[in-house]
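To keep things clear, I will list the structure first and then write my remarks on it.
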Amino acid sequence: MRDGQDILKALGRGSAGPAGAGSADGDGPAGAARTAIAAARELAVRPSELVEVLASLKGLGDFVLIDIDAVDRPEGFDVAYRLLDRGGEGPAGIFTVKARADRSDPRLPSVMSIWKAADVMEREVWDLMGVVFEGRTGLKRILCKDDFEGHPLRKDYILVRTPRFPVREELRPAEGAEGGQR
Amino acid sequence: MRDSSIGSADGAAGSVTAVAAEARAADPALDALQTEEYTLNLGPQHPSTHGVYHAKLRLNGESIVGCENVIGYLHRGMEKLAESRTYAQFAPYTARFDYLAGVLNNWGYAMALEKLGGIAVPERAEYIRVIVAELQRIASHLVMLSSMVIDLNAVTGWMYAFTAREGILDLLEAVSGSRMNLNYIVAGGVTEDLPEEFEAKVKRTFEDLHARLDDFDRLVSGNEIFLGRTRGIGVIESGQALEYGMTGPNLRASGVDLDLRKDAPYGIYDKLDFDVPVLRGGDSFDRYHIRLLEIHESVRLVEEAMAGLPQGPVRTKLPKAWKPAAGEVFEQIESARGIQGYHIVSDGSAKPYRMHLRSPSFVNIGVLPELAPGLTIQDFVATLASLDIVLGEIDR
Amino acid sequence: MQTLNDLFLIVASFFRGIMGSLGFPPLLTDAVMGLVSFVAVAALVTVNIIVILWVDRRVASFFQERLGPNRVGPFGLLQSVNDAAKLIGKESIMPAAADKRVYKLAPVIIFTVTMILYGFLPYGRGMSPVNMNAGLLFFIALSSTSTIAILMAGWGSNNKYSLLGGMRTVAQVISYEIPLAFSMLGVVMLSGSLNLGQISEAQRGIWFVFLQPLAFFIFLVSALAELARSPFDMTEAEQELIAGYHTEYTGMRFALFFMAEYANLFCVAALGATLFLGGWSGPILPGYIWFIGKTWFMVLVILWLRWTFPRARIDKMMKFNWKFLIPLSILNILLTGVGIKLYQYFTTVGR
Amino acid sequence: MFGIGLVQGLYTTAKRFLMKKVTQAYPEVLPDLPPRSRGSFGFDADECISCGLCAEACPNGVIKVDYFLGEKNRRVLERYSMNLGYCLFCGLCVEACPKSAIFFKTDFDLACYRKDDTLFTWRGNGYRPSAAPESTPTAGAAAPPVARTAASEPGPAAATAAGAAPSAGKGA
């Protein structure tokens, strides 16, 4: 993942020093940001500055959050925010903002305040992957039942195999010669 | 309140709670009236929830005060299953996501694999993909039209649209062997070539389709009662739609011109000329009407693709134990209900490390809790039908 | 022709003669004859329900390009008998939390009310089982009591959906009583009597539908609302309220509701035929054939509307009724009054 | 204007009332399905070399090939069973079979009253002499492949679970 220094700068974040050093959001030249974004397709971001980056991206207009999904990698949870870039003259591509949450205590700031669509998406990532989104209300399971333990999409969650063929041999119907029993 | 008779289109949202509040303000005695809200579970077992969708409605009389979506009843854990199947083995499962537009799912998955493994697709296969995909879109839109119409109790209209769909399903069966869950578009092309005299069958089916659609249109679209039930009901502004990440016909009915076949053309959509209908109203009637227009566009697309069909192979065979290079891809396609995205992460083995589906209905339904307050139960049913959700795709 | 027309009357007087000669006191013969006519009415109702059930399903399927029931018996004629047997055979479950007495009483009331209504219909000249001078008034009064039965069913079964269905019934049927009654006023003014037999008699010359087209339209719309059918079937809206007031009914109790609905359909169609299409008055055929024919025509029109239109929203329907239908029916009464006065003025001046 | 739409609707239903009906009397008139229609499966025991490729290709572990080692250690098919209750009708097995022993048939009436009836079995035509090794190893997934744990790298042999080679050595 290319380190999106130029994009961060273009978004008026200044150097990617400690978070919060950025000036008022969105005052960077919007044109420069747009061309930088059009070039790169991805941007890796530290969890702390995730909300500001997404807020400023939304400030540019033409960006729609269409998906949040997470990948359980050995080194941590890669949560990707996919934005559909409707504005530019070229085809409507996908711009991804990636943030990594560490395995032991996966936490990320919630972006529900920026896009309302993020509500159900974050609940799904929490439900299946177990990444906690802070600063939001109503973070509860969306697909599994409410009192479900564990997060099924994690690699350490093992599926139980269901036997396909009946173990009780005697139950088998009388074998017809062709085309199974009729 | 402007006097609106049963037939005339009621422009203002005309929500019932506004009327009740107004009456209460006018007559102080009404205030003493002790009314109590109650919750009503609409679903998961309900005739008009289009699958196992469950809405916890808080009602004041018959108008909705609050709504909460409860989903997950059809969660089969498909994304987890994908991690224990090879790439080719998972292809048939994709048709079970949005089971009304099976082959469109296949296409999204196949395109993601082709981009992941850098597989070339023969020209003829691209044309056949457009033909079969647009036929599937027609069938899917016909289900939407008929299920919306039967939710408003026009049972005859429902029957006409489903009978029209039979012809399309027969075409799909002639091509791929199965009517609903096709496994026809695979990585590298399509499984088999078109059957012979397929062109004549398509022409016959389309004649019958046009006749039935015109009758359906005449029976329902102009009907004042239908207009009274859907015009100005469940209005979604374009800003609200974008805020909720809505895509597909629901978004285009709110005035936003976003169609991947035009904005990010894949396959051979840039070679075909068709236009994308966009309506401004954003109410249930426009969401109904836009699907009717899109069917005519899809018919045009199929005819164009049939005309320009080149000769040649239809598939580049993949090795049985196909192992793409480690990497990650996100491919998106314009499915019948919106943008369907496939995010596949491969670690060099024969099985995907992670497979995630971006489902349009999962996001489109997020707008309901904000839309429902003020509607009556009857309007909620009409709005839910107009959003055209498929629970297989929502719950995965 | 005359004998064919009064066939049933002749037969009745013949029996009355026999009983008279056997020394029965006149009171007893009247009682027996009354009993016979009521049994005839009851038989007519049950046969009617079976036939209408079959016609409804066949007509619906023909509108939808399908064949409809054609397996049980020739052309599926025994299908409705089959359904009735199935419903009688089915277990009639009662929800535990339901209000037992009210829940059980509701289907009984609704069916008896409909049966009583059949007694007032003028099947032929002098052939109405109860020849009551204020027949029409009694008809309207009684038909509105079925609303109580539906509310009992809806509230009694302690289910939110049926409660909604019951409440909707009250709102809808009560408010559509008024245009129904007003639209009949025009006919009463023209025929000068409330007796259904005399109304049919008065239409010997010209059917009232030609004199009162506006009243016929209002009657049809409000009759549909009374029956809770086609564009106005909010009371048992399958798609919203599962099955409205009879959601919790199964088996024989549901059969009673089901039969009451179809019996009501025939009854209101018969009323419409009597008021506007001239009841049993007609040129060559005997009176009762004309009556049955016209009623079936009205039933088919109602079915045609049933299978064409979607369902209206209940509050818009209320607005339509109070702000459009009732003023229209009052206007119709005014026009009829003015029309009668003009008619009388011209005829008297001429003489 | 008010009412035009309603009248048009009435006209449409009246017109459709008189047109030809679309109902097919199913048991009497069987539908003519296109040749590729995937109704049910046909199996040709002579062609089958019990290689188990179809069982490996199947996403849902529907196929079980029971065979034994005949003379010259050649595999002889004893029984071919498919649990159609779990079948997706995707055609990957038909595609994978080198001998096209398993193929689609267009007769589609698979309805049955008992769940066990969804189990289709065909008897191989070779009979197992009593001397042959008792264990009839099964090629193909008796159950859906096991989810890989993060730690274990998928070995080349076990691309899908239970691809166990026959117990008596590698076999022909």
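Ordered as shown in the structure tokens, chains take letters A, B, and onward, while each chain numbers its residues from 1 and ligands are numbered from 1 in the order shown.
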Practice problem: Pick out the residues sitting within 8 Å of stretch 31-47 of chain D, and hand them over as a count of residues only; count only C-alpha atoms, and ignore anything fewer than 2 positions along from it in its own chain. | Solution: 30
Practice problem: From a DSSP calculation on the backbone, collect every residue of stretch 173-365 of chain B in helix (DSSP H, G or I) and output the set as number ranges by chain. | Solution: B: 173-176, 198-221, 224-230, 238-243, 249-252, 260-263, 284-307, 360-365
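By only C-alpha atoms, and with residues fewer than 4 positions from C:Ala42 along its chain excluded, the set lying at most 10 Å from it is Val36, Ser37, Phe38, Thr46, Val47, Asn48, Met115, Ile116, Tyr118 and Gly119 of chain C.
For stretch 24-133 of chain D, a DSSP pass over the backbone yields strand (DSSP E) at Ser40, Phe41, Gly42, Phe43, Ile63, Lys64, Val65, Asp66, Tyr67, Phe68, Leu69, Arg75, Val76, Leu77, Glu78, Arg79, Tyr80, Ser81, Met82, Asn83, Ile102, Phe103, Phe104, Lys105, Leu119, Phe120, Thr121, Trp122 and Arg123 of chain D.
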Quiz item: Restricting the calculation to only C-alpha atoms, which member of B:Ile225, B:Ile268, B:Val132, B:Met78 is positioned closest to chain D?
Solution: B:Ile225
Exercise. Hey, list the chain C side of the contact with chain D: 6 Å cut-off, only C-alpha atoms, answer as a count of residues only.
Key: 4
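Nearest-residue note for C:Ala273: choosing from C:Ile110, C:Ala228, C:Val209, C:Phe320, the minimum distance belongs to C:Val209, counting only C-alpha atoms.
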Write out as a CSV table (one decimal) with all heavy atoms, in the first residue's frame every residue belonging to chain C that has an atom at most 8 Å from any atom of chain B, counting only C-alpha atoms.
```
chain,number,residue,atom,x,y,z
C,63,PHE,N,-59.5,-13.8,-15.7
C,63,PHE,CA,-59.0,-12.4,-15.8
C,63,PHE,C,-57.4,-12.5,-15.9
C,63,PHE,O,-56.8,-11.7,-16.5
C,63,PHE,CB,-59.4,-11.5,-14.7
C,63,PHE,CG,-60.7,-10.9,-14.9
C,63,PHE,CD1,-61.7,-11.0,-13.9
C,63,PHE,CD2,-61.0,-10.2,-16.1
C,63,PHE,CE1,-62.9,-10.4,-14.1
C,63,PHE,CE2,-62.3,-9.6,-16.3
C,63,PHE,CZ,-63.2,-9.7,-15.3
C,64,GLN,N,-56.9,-13.5,-15.1
C,64,GLN,CA,-55.4,-13.5,-15.0
C,64,GLN,C,-54.9,-14.6,-16.0
C,64,GLN,O,-53.8,-15.1,-15.7
C,64,GLN,CB,-55.0,-13.9,-13.6
C,64,GLN,CG,-55.5,-12.8,-12.6
C,64,GLN,CD,-55.5,-13.3,-11.2
C,64,GLN,OE1,-55.1,-14.5,-10.9
C,64,GLN,NE2,-55.9,-12.5,-10.3
C,160,LYS,N,-52.9,-8.0,17.3
C,160,LYS,CA,-52.8,-6.5,16.8
C,160,LYS,C,-53.3,-6.4,15.4
C,160,LYS,O,-53.9,-5.4,15.1
C,160,LYS,CB,-51.3,-6.1,17.0
C,160,LYS,CG,-50.9,-5.8,18.4
C,160,LYS,CD,-49.4,-5.4,18.5
C,160,LYS,CE,-49.0,-5.3,20.0
C,160,LYS,NZ,-47.6,-5.6,20.1
C,164,LEU,N,-56.4,-4.0,14.2
C,164,LEU,CA,-56.4,-3.0,13.2
C,164,LEU,C,-57.5,-3.2,12.2
C,164,LEU,O,-58.2,-2.3,11.7
C,164,LEU,CB,-55.0,-3.0,12.5
C,164,LEU,CG,-53.8,-2.3,13.2
C,164,LEU,CD1,-52.5,-2.5,12.5
C,164,LEU,CD2,-54.1,-0.8,13.3
C,231,PRO,N,-61.5,-2.3,-4.4
C,231,PRO,CA,-60.6,-1.3,-4.0
C,231,PRO,C,-60.7,-0.9,-2.5
C,231,PRO,O,-59.8,-0.2,-2.0
C,231,PRO,CB,-61.0,-0.1,-4.8
C,231,PRO,CG,-62.1,-0.5,-5.7
C,231,PRO,CD,-62.5,-1.8,-5.4
C,238,GLU,N,-54.9,-8.6,2.9
C,238,GLU,CA,-54.0,-9.7,3.0
C,238,GLU,C,-52.5,-9.2,3.1
C,238,GLU,O,-51.8,-9.6,3.9
C,238,GLU,CB,-54.0,-10.7,1.8
C,238,GLU,CG,-55.3,-11.4,1.7
C,238,GLU,CD,-56.3,-10.6,0.9
C,238,GLU,OE1,-55.9,-9.5,0.4
C,238,GLU,OE2,-57.5,-10.9,0.9
C,239,GLN,N,-52.2,-8.2,2.3
C,239,GLN,CA,-50.8,-7.9,2.2
C,239,GLN,C,-50.3,-7.0,3.4
C,239,GLN,O,-49.2,-6.9,3.7
C,239,GLN,CB,-50.5,-7.0,0.9
C,239,GLN,CG,-50.5,-7.9,-0.3
C,239,GLN,CD,-51.9,-8.2,-0.8
C,239,GLN,OE1,-52.9,-7.6,-0.3
C,239,GLN,NE2,-52.1,-9.1,-1.7
C,240,GLU,N,-51.3,-6.4,4.1
C,240,GLU,CA,-50.8,-5.6,5.3
C,240,GLU,C,-51.2,-6.2,6.6
C,240,GLU,O,-50.3,-6.4,7.5
C,240,GLU,CB,-51.4,-4.2,5.2
C,240,GLU,CG,-51.1,-3.3,4.0
C,240,GLU,CD,-52.3,-2.8,3.3
C,240,GLU,OE1,-53.3,-2.7,4.0
C,240,GLU,OE2,-52.2,-2.5,2.1
C,242,ILE,N,-52.2,-9.3,7.3
C,242,ILE,CA,-52.2,-10.8,7.2
C,242,ILE,C,-53.6,-11.2,6.8
C,242,ILE,O,-53.8,-11.5,5.6
C,242,ILE,CB,-51.9,-11.5,8.6
C,242,ILE,CG1,-50.8,-10.8,9.3
C,242,ILE,CG2,-51.7,-13.0,8.4
C,242,ILE,CD1,-49.4,-11.1,8.7
C,307,TRP,N,-61.1,-7.7,-9.4
C,307,TRP,CA,-59.8,-8.3,-9.9
C,307,TRP,C,-59.1,-7.3,-10.8
C,307,TRP,O,-58.2,-7.6,-11.5
C,307,TRP,CB,-60.1,-9.6,-10.6
C,307,TRP,CG,-60.6,-10.6,-9.7
C,307,TRP,CD1,-61.8,-11.1,-9.6
C,307,TRP,CD2,-59.8,-11.2,-8.6
C,307,TRP,NE1,-61.9,-12.0,-8.6
C,307,TRP,CE2,-60.7,-12.1,-8.0
C,307,TRP,CE3,-58.5,-11.1,-8.2
C,307,TRP,CZ2,-60.3,-12.8,-6.9
C,307,TRP,CZ3,-58.1,-11.9,-7.1
C,307,TRP,CH2,-59.0,-12.7,-6.5
C,308,THR,N,-59.5,-6.0,-10.7
C,308,THR,CA,-58.7,-5.0,-11.6
C,308,THR,C,-58.0,-4.0,-10.8
C,308,THR,O,-57.0,-3.6,-11.1
C,308,THR,CB,-59.8,-4.3,-12.5
C,308,THR,OG1,-60.5,-5.3,-13.1
C,308,THR,CG2,-59.1,-3.5,-13.5
C,309,PHE,N,-58.7,-3.6,-9.6
C,309,PHE,CA,-58.1,-2.4,-9.0
C,309,PHE,C,-57.3,-2.8,-7.8
C,309,PHE,O,-57.5,-3.7,-7.1
C,309,PHE,CB,-59.3,-1.5,-8.5
C,309,PHE,CG,-60.1,-1.0,-9.6
C,309,PHE,CD1,-61.5,-0.8,-9.5
C,309,PHE,CD2,-59.4,-0.6,-10.8
C,309,PHE,CE1,-62.2,-0.3,-10.6
C,309,PHE,CE2,-60.1,-0.1,-11.8
C,309,PHE,CZ,-61.5,0.1,-11.7
C,310,PRO,N,-56.2,-2.0,-7.5
C,310,PRO,CA,-55.4,-2.1,-6.3
C,310,PRO,C,-56.2,-1.5,-5.1
C,310,PRO,O,-57.4,-1.0,-5.3
C,310,PRO,CB,-54.2,-1.3,-6.5
C,310,PRO,CG,-54.5,-0.3,-7.6
C,310,PRO,CD,-55.6,-0.9,-8.4
C,311,ARG,N,-55.7,-1.6,-3.9
C,311,ARG,CA,-56.4,-1.2,-2.7
C,311,ARG,C,-56.1,0.3,-2.4
C,311,ARG,O,-54.9,0.7,-2.5
C,311,ARG,CB,-55.9,-2.1,-1.6
C,311,ARG,CG,-56.6,-1.8,-0.2
C,311,ARG,CD,-56.1,-2.7,0.9
C,311,ARG,NE,-56.2,-4.1,0.5
C,311,ARG,CZ,-55.1,-4.9,0.4
C,311,ARG,NH1,-53.9,-4.4,0.7
C,311,ARG,NH2,-55.2,-6.1,0.1
C,312,ALA,N,-57.1,1.0,-2.0
C,312,ALA,CA,-56.9,2.4,-1.7
C,312,ALA,C,-56.3,2.6,-0.3
C,312,ALA,O,-56.4,1.6,0.5
C,312,ALA,CB,-58.2,3.2,-1.8
C,313,ARG,N,-55.8,3.7,0.0
C,313,ARG,CA,-55.3,4.0,1.4
C,313,ARG,C,-56.6,4.4,2.2
C,313,ARG,O,-57.4,5.2,1.7
C,313,ARG,CB,-54.3,5.0,1.4
C,313,ARG,CG,-53.4,5.0,2.7
C,313,ARG,CD,-52.2,6.0,2.6
C,313,ARG,NE,-52.6,7.3,2.9
C,313,ARG,CZ,-51.8,8.3,3.0
C,313,ARG,NH1,-50.5,8.1,2.7
C,313,ARG,NH2,-52.1,9.5,3.4
C,315,ASP,N,-57.2,6.4,4.8
C,315,ASP,CA,-57.5,7.7,5.1
C,315,ASP,C,-57.9,8.5,3.9
C,315,ASP,O,-58.8,9.4,3.9
C,315,ASP,CB,-56.4,8.4,5.9
C,315,ASP,CG,-55.1,8.4,5.0
C,315,ASP,OD1,-54.9,7.3,4.4
C,315,ASP,OD2,-54.5,9.4,4.9
C,316,LYS,N,-57.3,8.2,2.8
C,316,LYS,CA,-57.7,8.9,1.5
C,316,LYS,C,-59.2,8.4,1.2
C,316,LYS,O,-60.0,9.2,0.7
C,316,LYS,CB,-56.8,8.5,0.4
C,316,LYS,CG,-55.4,9.2,0.5
C,316,LYS,CD,-54.6,9.1,-0.8
C,316,LYS,CE,-53.4,10.0,-0.6
C,316,LYS,NZ,-52.4,9.7,-1.7
C,317,MET,N,-59.5,7.2,1.5
C,317,MET,CA,-60.8,6.7,1.2
C,317,MET,C,-61.8,7.5,2.0
C,317,MET,O,-62.9,7.8,1.6
C,317,MET,CB,-60.9,5.2,1.5
C,317,MET,CG,-61.9,4.5,0.6
C,317,MET,SD,-62.0,2.8,1.3
C,317,MET,CE,-63.1,3.1,2.6
C,319,LYS,N,-61.5,10.5,3.2
C,319,LYS,CA,-61.6,11.8,2.6
C,319,LYS,C,-62.5,11.8,1.4
C,319,LYS,O,-63.4,12.6,1.2
C,319,LYS,CB,-60.2,12.3,2.2
C,319,LYS,CG,-59.7,13.6,2.8
C,319,LYS,CD,-58.3,13.9,2.4
C,319,LYS,CE,-57.3,13.4,3.4
C,319,LYS,NZ,-55.9,13.5,2.8
C,320,PHE,N,-62.3,10.7,0.6
C,320,PHE,CA,-63.1,10.6,-0.7
C,320,PHE,C,-64.6,10.5,-0.3
C,320,PHE,O,-65.5,11.1,-0.9
C,320,PHE,CB,-62.7,9.4,-1.4
C,320,PHE,CG,-63.5,9.0,-2.6
C,320,PHE,CD1,-63.5,9.8,-3.7
C,320,PHE,CD2,-64.3,7.9,-2.6
C,320,PHE,CE1,-64.2,9.4,-4.8
C,320,PHE,CE2,-65.1,7.5,-3.7
C,320,PHE,CZ,-65.0,8.3,-4.8
C,323,LYS,N,-65.8,14.0,1.7
C,323,LYS,CA,-65.7,15.3,0.9
C,323,LYS,C,-66.2,15.2,-0.5
C,323,LYS,O,-66.3,16.2,-1.2
C,323,LYS,CB,-64.2,15.7,1.0
C,323,LYS,CG,-63.7,16.1,2.4
C,323,LYS,CD,-62.3,16.6,2.3
C,323,LYS,CE,-61.9,17.0,3.7
C,323,LYS,NZ,-60.5,17.3,3.8
C,324,PHE,N,-66.5,13.9,-1.0
C,324,PHE,CA,-66.9,13.9,-2.4
C,324,PHE,C,-68.1,13.1,-2.5
C,324,PHE,O,-69.1,13.5,-3.1
C,324,PHE,CB,-65.7,13.2,-3.2
C,324,PHE,CG,-66.0,13.0,-4.6
C,324,PHE,CD1,-66.1,14.1,-5.5
C,324,PHE,CD2,-66.3,11.7,-5.1
C,324,PHE,CE1,-66.4,13.9,-6.8
C,324,PHE,CE2,-66.6,11.5,-6.5
C,324,PHE,CZ,-66.6,12.6,-7.3
```
Quiz item: Residues at most 10 Å from A:Glu75, counting only C-alpha atoms, excluding those fewer than 3 positions away in the same chain, as a count of residues only?
Solution: 7
Can you build me a table of chain A residues sitting at most 10 Å from chain B, with the closest atom pair per residue and its distance in Å to one decimal, using only C-alpha atoms, sorted by chain and residue number, as JSON lines?
```
{"residue": "A:Asp62", "atom": "CA", "partner": "B:Leu242", "partner_atom": "CA", "distance": 9.6}
{"residue": "A:Phe63", "atom": "CA", "partner": "B:Leu242", "partner_atom": "CA", "distance": 9.1}
{"residue": "A:Val64", "atom": "CA", "partner": "B:Gly245", "partner_atom": "CA", "distance": 6.2}
{"residue": "A:Leu65", "atom": "CA", "partner": "B:Gly245", "partner_atom": "CA", "distance": 5.9}
{"residue": "A:Ile66", "atom": "CA", "partner": "B:Gly245", "partner_atom": "CA", "distance": 5.3}
{"residue": "A:Asp67", "atom": "CA", "partner": "B:Arg358", "partner_atom": "CA", "distance": 6.2}
{"residue": "A:Ile68", "atom": "CA", "partner": "B:Arg358", "partner_atom": "CA", "distance": 8.5}
{"residue": "A:Asp69", "atom": "CA", "partner": "B:His356", "partner_atom": "CA", "distance": 7.2}
{"residue": "A:Ala70", "atom": "CA", "partner": "B:His356", "partner_atom": "CA", "distance": 8.6}
{"residue": "A:Val71", "atom": "CA", "partner": "B:Arg354", "partner_atom": "CA", "distance": 6.7}
{"residue": "A:Asp72", "atom": "CA", "partner": "B:Arg354", "partner_atom": "CA", "distance": 8.2}
{"residue": "A:Arg73", "atom": "CA", "partner": "B:Tyr353", "partner_atom": "CA", "distance": 9.3}
{"residue": "A:Arg82", "atom": "CA", "partner": "B:Phe330", "partner_atom": "CA", "distance": 9.2}
{"residue": "A:Leu83", "atom": "CA", "partner": "B:Gly245", "partner_atom": "CA", "distance": 9.6}
{"residue": "A:Leu84", "atom": "CA", "partner": "B:Gly245", "partner_atom": "CA", "distance": 9.4}
{"residue": "A:Arg86", "atom": "CA", "partner": "B:Leu258", "partner_atom": "CA", "distance": 7.9}
{"residue": "A:Glu89", "atom": "CA", "partner": "B:Asp263", "partner_atom": "CA", "distance": 9.5}
{"residue": "A:Gly90", "atom": "CA", "partner": "B:Ala264", "partner_atom": "CA", "distance": 8.2}
{"residue": "A:Pro91", "atom": "CA", "partner": "B:Ala264", "partner_atom": "CA", "distance": 4.5}
{"residue": "A:Ala92", "atom": "CA", "partner": "B:Ala264", "partner_atom": "CA", "distance": 5.1}
{"residue": "A:Gly93", "atom": "CA", "partner": "B:Ala264", "partner_atom": "CA", "distance": 6.9}
{"residue": "A:Ile94", "atom": "CA", "partner": "B:Phe330", "partner_atom": "CA", "distance": 8.4}
{"residue": "A:Thr96", "atom": "CA", "partner": "B:Phe330", "partner_atom": "CA", "distance": 9.7}
{"residue": "A:Ile114", "atom": "CA", "partner": "B:Glu243", "partner_atom": "CA", "distance": 8.6}
{"residue": "A:Trp115", "atom": "CA", "partner": "B:Glu243", "partner_atom": "CA", "distance": 5.6}
{"residue": "A:Lys116", "atom": "CA", "partner": "B:Tyr244", "partner_atom": "CA", "distance": 5.4}
{"residue": "A:Ala117", "atom": "CA", "partner": "B:Tyr244", "partner_atom": "CA", "distance": 4.2}
{"residue": "A:Ala118", "atom": "CA", "partner": "B:Tyr244", "partner_atom": "CA", "distance": 7.9}
{"residue": "A:Asp119", "atom": "CA", "partner": "B:Gly366", "partner_atom": "CA", "distance": 8.3}
{"residue": "A:Val120", "atom": "CA", "partner": "B:Gly366", "partner_atom": "CA", "distance": 6.9}
{"residue": "A:Met121", "atom": "CA", "partner": "B:Val363", "partner_atom": "CA", "distance": 7.9}
{"residue": "A:Glu124", "atom": "CA", "partner": "B:Asp395", "partner_atom": "CA", "distance": 9.9}
{"residue": "A:Leu128", "atom": "CA", "partner": "B:Gly77", "partner_atom": "CA", "distance": 9.4}
{"residue": "A:Arg141", "atom": "CA", "partner": "B:Gly72", "partner_atom": "CA", "distance": 9.2}
{"residue": "A:Ile142", "atom": "CA", "partner": "B:Gly72", "partner_atom": "CA", "distance": 6.4}
{"residue": "A:Leu143", "atom": "CA", "partner": "B:Gly72", "partner_atom": "CA", "distance": 3.9}
{"residue": "A:Cys144", "atom": "CA", "partner": "B:Gly72", "partner_atom": "CA", "distance": 6.0}
{"residue": "A:Lys145", "atom": "CA", "partner": "B:Gly72", "partner_atom": "CA", "distance": 7.5}
{"residue": "A:Pro152", "atom": "CA", "partner": "B:Lys80", "partner_atom": "CA", "distance": 7.5}
{"residue": "A:Leu153", "atom": "CA", "partner": "B:Lys80", "partner_atom": "CA", "distance": 5.9}
{"residue": "A:Arg154", "atom": "CA", "partner": "B:Lys80", "partner_atom": "CA", "distance": 8.9}
{"residue": "A:Lys155", "atom": "CA", "partner": "B:Lys80", "partner_atom": "CA", "distance": 9.2}
{"residue": "A:Tyr157", "atom": "CA", "partner": "B:Lys80", "partner_atom": "CA", "distance": 9.5}
{"residue": "A:Ile158", "atom": "CA", "partner": "B:Lys80", "partner_atom": "CA", "distance": 9.6}
{"residue": "A:Leu159", "atom": "CA", "partner": "B:Lys80", "partner_atom": "CA", "distance": 8.4}
```
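Going from atom CA of C:Gly68 to atom CA of C:Trp54 covers 9.3 Å.
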Exercise. Find the spatial neighbours of B:Val314, counting only C-alpha atoms, within a cut-off of 7 Å - ignore same-chain residues fewer than 5 positions away - and output them as a VMD selection string.
Key: chain B and resid 122 124 to 125 189 to 190 193
